[in-house]
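Just my_file.cif here, mmCIF, C-alpha atoms and all ligand atoms:
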data_work
#
loop_
_atom_site.label_atom_id
_atom_site.label_comp_id
_atom_site.auth_asym_id
_atom_site.auth_seq_id
_atom_site.Cartn_x
_atom_site.Cartn_y
_atom_site.Cartn_z
CA MET A 1 2.44 -10.48 6.97
CA LYS A 2 4.49 -13.64 6.66
CA THR A 3 8.10 -13.48 5.57
CA GLY A 4 10.19 -15.69 3.33
CA PHE A 5 8.71 -14.63 0.01
CA ASN A 6 10.32 -12.40 -2.54
CA SER A 7 7.60 -11.02 -4.75
CA GLY A 8 10.03 -8.94 -6.80
CA ALA A 9 8.43 -6.05 -8.61
CA ILE A 10 4.94 -7.47 -9.06
CA GLU A 11 2.40 -4.72 -8.47
CA VAL A 12 -1.32 -4.76 -9.17
CA LEU A 13 -3.42 -1.67 -9.90
CA ILE A 14 -7.07 -1.51 -8.80
CA VAL A 15 -8.99 0.62 -11.29
CA LEU A 16 -12.38 2.06 -10.37
CA MET A 17 -14.69 1.92 -13.39
CA GLY A 18 -17.79 4.10 -13.54
CA ASP A 19 -19.22 5.09 -10.18
CA ALA A 20 -17.43 2.67 -7.81
CA SER A 21 -16.74 4.51 -4.54
CA PRO A 22 -13.06 4.81 -3.50
CA GLY A 23 -13.97 5.10 0.20
CA GLU A 24 -16.00 1.92 0.17
CA LEU A 25 -13.11 0.03 -1.43
CA ALA A 26 -10.34 1.42 0.77
CA PHE A 27 -10.03 -1.95 2.54
CA LEU A 28 -9.29 -3.85 -0.66
CA PRO A 29 -5.57 -3.24 -1.45
CA GLY A 30 -4.41 -4.32 2.02
CA CYS A 31 -6.59 -7.44 2.08
CA LEU A 32 -5.52 -8.46 -1.44
CA SER A 33 -1.83 -7.97 -0.53
CA GLN A 34 -2.24 -10.39 2.35
CA VAL A 35 -3.59 -13.09 0.01
CA PHE A 36 -1.24 -12.65 -2.97
CA LYS A 37 1.91 -11.38 -1.17
CA VAL A 38 2.35 -8.71 -3.84
CA ARG A 39 1.68 -4.97 -3.76
CA PHE A 40 -1.70 -3.47 -4.59
CA LYS A 41 -2.51 0.15 -5.28
CA THR A 42 -5.77 1.89 -6.13
CA SER A 43 -5.64 4.24 -9.11
CA GLY A 44 -6.50 7.87 -8.37
CA GLU A 45 -8.19 8.09 -11.75
CA VAL A 46 -11.65 6.71 -12.41
CA VAL A 47 -12.11 5.03 -15.80
CA ARG A 48 -15.53 5.68 -17.30
CA LEU A 49 -17.61 2.77 -18.51
CA PRO A 50 -17.64 2.58 -22.33
CA PRO A 51 -21.21 3.10 -23.62
CA TYR A 52 -20.74 0.45 -26.32
CA ALA A 53 -20.35 -2.24 -23.64
CA TYR A 54 -23.87 -1.52 -22.35
CA ASP A 55 -26.75 -3.73 -23.47
CA LYS A 56 -29.92 -1.64 -23.17
CA THR A 57 -32.26 -4.62 -23.30
CA ARG A 58 -30.45 -6.51 -20.56
CA ARG A 59 -29.50 -3.34 -18.67
CA GLN A 60 -26.10 -4.91 -18.09
CA TYR A 61 -22.54 -4.36 -19.26
CA ASN A 62 -20.65 -6.99 -21.22
CA SER A 63 -17.72 -7.93 -18.99
CA THR A 64 -15.58 -9.16 -21.88
CA LEU A 65 -15.85 -5.73 -23.52
CA LEU A 66 -14.94 -4.10 -20.19
CA LEU A 67 -11.79 -6.24 -20.03
CA GLU A 68 -10.87 -5.09 -23.54
CA TYR A 69 -11.57 -1.49 -22.59
CA LEU A 70 -9.42 -1.82 -19.48
CA ALA A 71 -6.59 -3.05 -21.71
CA LEU A 72 -7.07 -0.07 -24.07
CA SER A 73 -7.08 2.49 -21.25
CA ASN A 74 -4.18 0.75 -19.47
CA PRO A 75 -1.95 3.40 -17.90
CA GLY A 76 0.97 0.93 -17.96
CA GLY A 77 3.56 0.00 -15.40
CA TYR A 78 1.68 -2.71 -13.51
CA ALA A 79 1.72 -6.48 -13.76
CA LYS A 80 -2.07 -6.81 -13.46
CA TYR A 81 -5.14 -4.58 -13.47
CA LEU A 82 -8.33 -5.20 -11.52
CA GLY A 83 -11.34 -3.17 -12.64
CA VAL A 84 -14.08 -2.70 -10.03
CA THR A 85 -17.50 -1.46 -11.05
CA GLU A 86 -21.02 -0.96 -9.70
CA ALA A 87 -22.42 -2.08 -13.05
CA ASP A 88 -24.21 -5.41 -13.38
CA LEU A 89 -22.27 -7.66 -15.76
CA TYR A 90 -22.99 -10.49 -18.17
CA ALA A 91 -20.72 -12.58 -20.38
CA GLY A 92 -21.40 -14.91 -23.28
CA ARG A 93 -24.43 -17.06 -22.50
CA LEU A 94 -24.35 -16.38 -18.75
CA ASN A 95 -27.19 -14.11 -17.66
CA PHE A 96 -24.89 -12.52 -15.10
CA VAL A 97 -21.34 -12.81 -13.84
CA PHE A 98 -19.73 -11.59 -10.62
CA GLY A 99 -16.61 -10.88 -12.65
CA GLU A 100 -14.40 -12.02 -15.49
CA ALA A 101 -10.66 -12.33 -16.06
CA VAL A 102 -8.15 -13.26 -18.71
CA LEU A 103 -6.59 -16.59 -17.73
CA ASN A 104 -2.84 -16.01 -17.34
CA GLY A 105 -3.47 -12.47 -18.54
CA GLN A 106 -3.23 -8.98 -17.11
CA TYR A 107 -6.86 -7.98 -16.74
CA ALA A 108 -9.70 -8.80 -14.40
CA VAL A 109 -12.99 -7.10 -13.60
CA VAL A 110 -15.38 -7.49 -10.68
CA SER A 111 -18.94 -6.19 -10.25
CA LEU A 112 -20.19 -4.95 -6.89
CA HIS A 113 -23.81 -5.05 -8.06
CA ARG A 114 -24.80 -8.53 -6.86
CA LEU A 115 -22.48 -8.52 -3.84
CA ARG A 116 -24.59 -6.09 -1.84
CA PRO A 117 -27.02 -7.75 0.60
CA GLU A 118 -29.58 -5.13 -0.53
CA PHE A 119 -29.67 -6.76 -3.97
CA TYR A 120 -31.25 -9.83 -2.32
CA GLY A 121 -33.66 -7.78 -0.22
CA ASN A 122 -31.53 -7.96 2.93
CA PRO A 123 -30.38 -5.03 5.08
CA PRO A 124 -26.98 -3.47 4.31
CA ASP A 125 -24.08 -5.33 5.96
CA ARG A 126 -20.70 -3.79 5.38
CA ARG A 127 -18.67 -6.74 6.69
CA LEU A 128 -20.54 -9.22 4.50
CA PHE A 129 -20.24 -6.93 1.48
CA GLU A 130 -16.47 -6.49 2.00
CA ALA A 131 -15.98 -10.26 2.44
CA ARG A 132 -17.81 -10.89 -0.86
CA VAL A 133 -15.85 -8.21 -2.72
CA LEU A 134 -12.57 -9.67 -1.48
CA LYS A 135 -13.56 -13.23 -2.49
CA GLU A 136 -14.62 -12.22 -6.00
CA ALA A 137 -11.53 -10.03 -6.45
CA VAL A 138 -9.23 -12.86 -5.32
CA HIS A 139 -11.10 -15.30 -7.59
CA GLU A 140 -10.75 -13.18 -10.74
CA LEU A 141 -7.14 -12.21 -10.01
CA GLY A 142 -6.44 -15.88 -9.33
CA HIS A 143 -7.38 -16.54 -12.97
CA THR A 144 -4.87 -13.92 -14.14
CA PHE A 145 -2.24 -15.81 -12.14
CA GLY A 146 -3.16 -19.00 -13.97
CA LEU A 147 -5.55 -20.61 -11.48
CA THR A 148 -8.54 -22.43 -12.97
CA HIS A 149 -11.75 -23.45 -11.17
CA CYS A 150 -11.35 -25.71 -8.15
CA GLU A 151 -13.79 -28.39 -7.03
CA ASN A 152 -13.29 -27.60 -3.34
CA PRO A 153 -16.40 -25.55 -2.40
CA GLU A 154 -14.42 -23.70 0.30
CA CYS A 155 -11.66 -22.67 -2.09
CA VAL A 156 -11.86 -19.13 -3.43
CA MET A 157 -11.34 -20.58 -6.93
CA HIS A 158 -14.60 -22.53 -6.73
CA PHE A 159 -17.03 -21.22 -9.35
CA SER A 160 -19.89 -19.18 -7.89
CA ASN A 161 -23.22 -19.93 -9.51
CA SER A 162 -24.97 -17.81 -6.93
CA ILE A 163 -24.16 -15.60 -3.97
CA ILE A 164 -24.60 -18.65 -1.70
CA ASP A 165 -21.53 -20.24 -3.30
CA THR A 166 -19.62 -17.00 -2.69
CA ASP A 167 -20.66 -16.93 0.96
CA VAL A 168 -19.62 -20.59 1.45
CA LYS A 169 -16.12 -20.18 0.09
CA LYS A 170 -13.19 -18.58 1.88
CA ALA A 171 -11.20 -15.60 0.65
CA GLN A 172 -8.10 -17.82 0.34
CA PRO A 173 -7.20 -20.39 -2.28
CA CYS A 174 -7.05 -23.96 -0.92
CA LEU A 175 -3.58 -25.39 -0.32
CA ASN A 176 -3.43 -27.05 -3.76
CA CYS A 177 -4.33 -23.78 -5.46
CA GLN A 178 -1.89 -21.84 -3.26
CA VAL A 179 0.92 -24.15 -4.37
CA LYS A 180 0.12 -23.36 -8.02
CA LEU A 181 -0.37 -19.66 -7.31
CA PHE A 182 2.87 -19.06 -5.47
CA ARG A 183 4.85 -21.18 -7.89
CA LYS A 184 3.55 -18.80 -10.55
CA ILE A 185 4.07 -15.58 -8.59
CA PHE A 186 7.46 -16.29 -7.12
CA GLN A 187 8.76 -18.81 -9.68
CA GLN A 188 10.86 -20.35 -6.98
CA PRO A 189 10.56 -23.14 -4.42
CA TYR A 190 8.48 -22.31 -1.37
CA LYS A 191 8.07 -23.81 2.05
CA ARG A 192 4.67 -25.35 2.61
CA SER A 193 4.68 -24.00 6.17
CA GLU A 194 4.60 -20.50 4.75
CA LEU A 195 1.30 -20.96 2.98
CA ASN A 196 -1.97 -19.74 4.36
CA SER A 197 -4.51 -22.39 5.23
ZN ZN B 201 -13.86 -18.15 -12.31
ZN ZN B 202 -8.57 -24.72 -4.75
#
Go ahead and render the structure in this file as structure tokens.
Ligand SMILES: [Zn+2]
Ligand SMILES: [Zn+2]
Amino acid sequence: MKTGFNSGAIEVLIVLMGDASPGELAFLPGCLSQVFKVRFKTSGEVVRLPPYAYDKTRRQYNSTLLLEYLALSNPGGYAKYLGVTEADLYAGRLNFVFGEAVLNGQYAVVSLHRLRPEFYGNPPDRRLFEARVLKEAVHELGHTFGLTHCENPECVMHFSNSIIDTDVKKAQPCLNCQVKLFRKIFQQPYKRSELNS
């Protein structure tokens, strides 16, 4: 962990929604802390998926409704909340989404469904799965910290149209996005040498 930052009291809660497995996601808080330089904690309580957010015809959950539900069931006390679910998600006119977040807001949600190699007919690969989960979690949380989509295909804030885009990008924001991110998080000048590349 690099020094020189003062993240104050910012803490993010990871909320398992539905049947997401705590053991499988145990790596996530530590990895997210390294990217954002703030504290992450996983909630001991599992939030159930609201039946009204389920579209029977599509067999998918509406991610916007899940964000609203996360806000309603908010236990309080955290700066941001990241919902993680096994459910396949859609939003608006998009036939699926890897996740959704409120820009400059408190809530983000990520789906594990299309991040598993098995979904694409490939054998299970834990390292690949974890890398994808981290990238999508950083991407959606990046939106809550005010980051918009970035044109750099290697930047975590690049929009993923497909899993190939996710696999191409890194788990870190590019330097330009990091400047915006840490200005937002720390609201103080930073040294460029302290940023991750
Ligand atoms: Zn996005
Ligand atoms: Zn970027």
Selected residue, from A:Asn122, A:Asn161, A:Ser33, A:Gln106, that lies nearest to Thr144 in chain A when counting all atoms listed in the file: A:Gln106
Atomic separation - CA of Lys80 in chain A relative to CA of Cys155 in chain A, Å: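 About the pair CA of Cys155 in chain A and CA of Lys80 in chain A: they are 21.7 Å apart.
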Env. residues ligand ZN 201 (chain B) / 7 Å / all atoms listed in the file / as a PyMOL selection string: chain A and resi 100+139-140+143+148-149+157+159
Given the selection you just returned, output its residues as a file containing C-alpha atoms, formatted as an mmCIF file, in the frame of the given file.
data_model
loop_
_atom_site.group_PDB
_atom_site.id
_atom_site.type_symbol
_atom_site.label_atom_id
_atom_site.label_comp_id
_atom_site.auth_asym_id
_atom_site.auth_seq_id
_atom_site.Cartn_x
_atom_site.Cartn_y
_atom_site.Cartn_z
ATOM 1 C CA GLU A 100 -14.400 -12.020 -15.490
ATOM 2 C CA HIS A 139 -11.100 -15.300 -7.590
ATOM 3 C CA GLU A 140 -10.750 -13.180 -10.740
ATOM 4 C CA HIS A 143 -7.380 -16.540 -12.970
ATOM 5 C CA THR A 148 -8.540 -22.430 -12.970
ATOM 6 C CA HIS A 149 -11.750 -23.450 -11.170
ATOM 7 C CA MET A 157 -11.340 -20.580 -6.930
ATOM 8 C CA PHE A 159 -17.030 -21.220 -9.350
#
Please check which protein, DNA or RNA residues sit within 8 Å of ligand ZN 202 (chain B), counting all atoms listed in the file, and write them as a count of residues only. 15
Provide the CA of Val110 in chain A to CA of Gly83 in chain A distance in Å, to one decimal place. 6.2 Å
Counting only C-alpha atoms, select every polymer residue within 12 Å of (0.7, -4.3, -8.8) as defined in the file's coordinates, and provide the selection as a CSV table (one decimal) with C-alpha atoms, in the coordinates of the input.
chain,number,residue,atom,x,y,z
A,7,SER,CA,7.6,-11.0,-4.8
A,8,GLY,CA,10.0,-8.9,-6.8
A,9,ALA,CA,8.4,-6.0,-8.6
A,10,ILE,CA,4.9,-7.5,-9.1
A,11,GLU,CA,2.4,-4.7,-8.5
A,12,VAL,CA,-1.3,-4.8,-9.2
A,13,LEU,CA,-3.4,-1.7,-9.9
A,14,ILE,CA,-7.1,-1.5,-8.8
A,15,VAL,CA,-9.0,0.6,-11.3
A,29,PRO,CA,-5.6,-3.2,-1.4
A,30,GLY,CA,-4.4,-4.3,2.0
A,32,LEU,CA,-5.5,-8.5,-1.4
A,33,SER,CA,-1.8,-8.0,-0.5
A,36,PHE,CA,-1.2,-12.6,-3.0
A,37,LYS,CA,1.9,-11.4,-1.2
A,38,VAL,CA,2.4,-8.7,-3.8
A,39,ARG,CA,1.7,-5.0,-3.8
A,40,PHE,CA,-1.7,-3.5,-4.6
A,41,LYS,CA,-2.5,0.2,-5.3
A,42,THR,CA,-5.8,1.9,-6.1
A,43,SER,CA,-5.6,4.2,-9.1
A,76,GLY,CA,1.0,0.9,-18.0
A,77,GLY,CA,3.6,0.0,-15.4
A,78,TYR,CA,1.7,-2.7,-13.5
A,79,ALA,CA,1.7,-6.5,-13.8
A,80,LYS,CA,-2.1,-6.8,-13.5
A,81,TYR,CA,-5.1,-4.6,-13.5
A,82,LEU,CA,-8.3,-5.2,-11.5
A,106,GLN,CA,-3.2,-9.0,-17.1
A,107,TYR,CA,-6.9,-8.0,-16.7
A,141,LEU,CA,-7.1,-12.2,-10.0
A,185,ILE,CA,4.1,-15.6,-8.6
Counting all atoms listed in the file, which residue out of A:Val97, A:Leu67, A:Ala108, A:Val138 sits closest to Lys169 in chain A? A:Val138
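CA of Leu134 in chain A lies 16.8 Å from CA of Met17 in chain A.
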For Phe182 in chain A, which of A:Ala71, A:Val46, A:Leu103, A:Val35 is the closest residue, counting all atoms listed in the file?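 Going through A:Ala71, A:Val46, A:Leu103, A:Val35 one by one, the smallest distance to Phe182 in chain A is for A:Val35.
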Report as an mmCIF file with C-alpha atoms, in the frame of the given file all protein, DNA and RNA residues lying within 7 Å of Asp88 in chain A, evaluated on all atoms listed in the file, omitting residues in the same chain fewer than 3 positions from it.
data_model
loop_
_atom_site.group_PDB
_atom_site.id
_atom_site.type_symbol
_atom_site.label_atom_id
_atom_site.label_comp_id
_atom_site.auth_asym_id
_atom_site.auth_seq_id
_atom_site.Cartn_x
_atom_site.Cartn_y
_atom_site.Cartn_z
ATOM 1 C CA GLN A 60 -26.100 -4.910 -18.090
ATOM 2 C CA TYR A 61 -22.540 -4.360 -19.260
ATOM 3 C CA SER A 111 -18.940 -6.190 -10.250
ATOM 4 C CA HIS A 113 -23.810 -5.050 -8.060
#
Measuring between only C-alpha atoms, which one of A:Val133, A:Leu147, A:Val84, A:Ala26 shows the shortest distance to Leu181 in chain A? A:Leu147
Smallest atom-to-atom distance to Ala101 in chain A: which of A:Phe145, A:Phe129, A:Tyr52, A:Phe27, using only C-alpha atoms? A:Phe145
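If you measure from each of A:Glu130, A:Arg59, A:Pro75, A:Pro124 to Asn95 in chain A using all atoms listed in the file, the closest one turns out to be A:Arg59.
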